[in-house]
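Below is one structure, written out as structure tokens; comments come after it.
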Amino acid sequence: MPEVNVEINGRKYRMACEEGQQKHLIGLAERFNTQVEALKGAVGEIGDNRLTVMAGIAVVDELAEAERRIKELEQEVLVLTRAGQEVAAEIETLESKFAEKLNNAAQTLESVAGMLDDTAPLPHN
């Protein structure tokens, strides 16, 4: 199993990860370290453990907010999908009615043409 070295709050840690996940793990560690450093800048030196716990809670808070937003967007997609299905059904109904009216008009025209043919005098040779 591959290992990578990451740095959090000035300390180096060796971590194992799945093959191919090395860059991803390093990127996650960098993001977490950024959170730790931001907190350290805001609250000062409060101890490594407390700082790490606060940063972890802040990250989980961001995750919870992202999950909440995802649920909102899923609901919006559901509403839009249903609306699209309703519009598609309405269009299909209108197309069917239009085709029926067009067919009726064609039949009427054929009937009129037939009557005209019946009443027209035959040409003489």
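Every chain in the structure tokens takes a letter, A first, then B, and so on in the order presented; its residues are numbered from 1, and the ligands are numbered from 1 following the presented order.
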(message) Residues near Leu25 of chain A, anyone? I mean within 10 Å using only C-alpha atoms, not counting same-chain ones fewer than 6 positions away, as a ChimeraX atom specification.
(response) /A:3-6,15-18,31
Please dump the current selection as a PDB file, in the first residue's frame; keep C-alpha atoms.
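New file selection_35.pdb:
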```pdb
ATOM      1  CA  GLU A   3       2.390   5.949   1.607  1.00  0.00           C
ATOM      2  CA  VAL A   4       2.590   9.728   1.360  1.00  0.00           C
ATOM      3  CA  ASN A   5       3.986  12.408   3.617  1.00  0.00           C
ATOM      4  CA  VAL A   6       1.636  15.257   4.506  1.00  0.00           C
ATOM      5  CA  MET A  15      -0.130   8.130   5.745  1.00  0.00           C
ATOM      6  CA  ALA A  16      -1.072   5.037   3.791  1.00  0.00           C
ATOM      7  CA  CYS A  17      -3.585   5.181   0.968  1.00  0.00           C
ATOM      8  CA  GLU A  18      -4.930   3.106  -1.891  1.00  0.00           C
ATOM      9  CA  ARG A  31      -6.959  21.744   2.237  1.00  0.00           C
TER      10      ARG A  31
END
```
(request) Enumerate, as a PyMOL selection string, the complete set of residues in chain A that a backbone-based DSSP assignment places in helix (DSSP H, G or I). (result) chain A and resi 22-43+48-119
(message) I need the residues in chain A that are strand (DSSP E or B) according to DSSP; give them as a list in words.
(response) Glu3, Val4, Asn5, Val6, Glu7, Ile8, Arg11, Lys12, Tyr13, Arg14, Met15 and Ala16 of chain A
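Distance-wise, atom CA of Glu7 of chain A and atom CA of Glu67 of chain A end up 27.5 Å apart.
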(request) Could you jot down the atom CA of His24 of chain A to atom CA of Lys71 of chain A separation for me, Å, one decimal place? (result) 25.3 Å
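Going from atom CA of Asn33 of chain A to atom CA of Asn9 of chain A covers 6.2 Å.
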(message) At a cut-off of 8 Å, using only C-alpha atoms, what residues contact segment 49-53 of chain A? Leave out same-chain residues fewer than 5 positions from it and give the result as a PyMOL selection string.
(response) chain A and resi 36+39-40
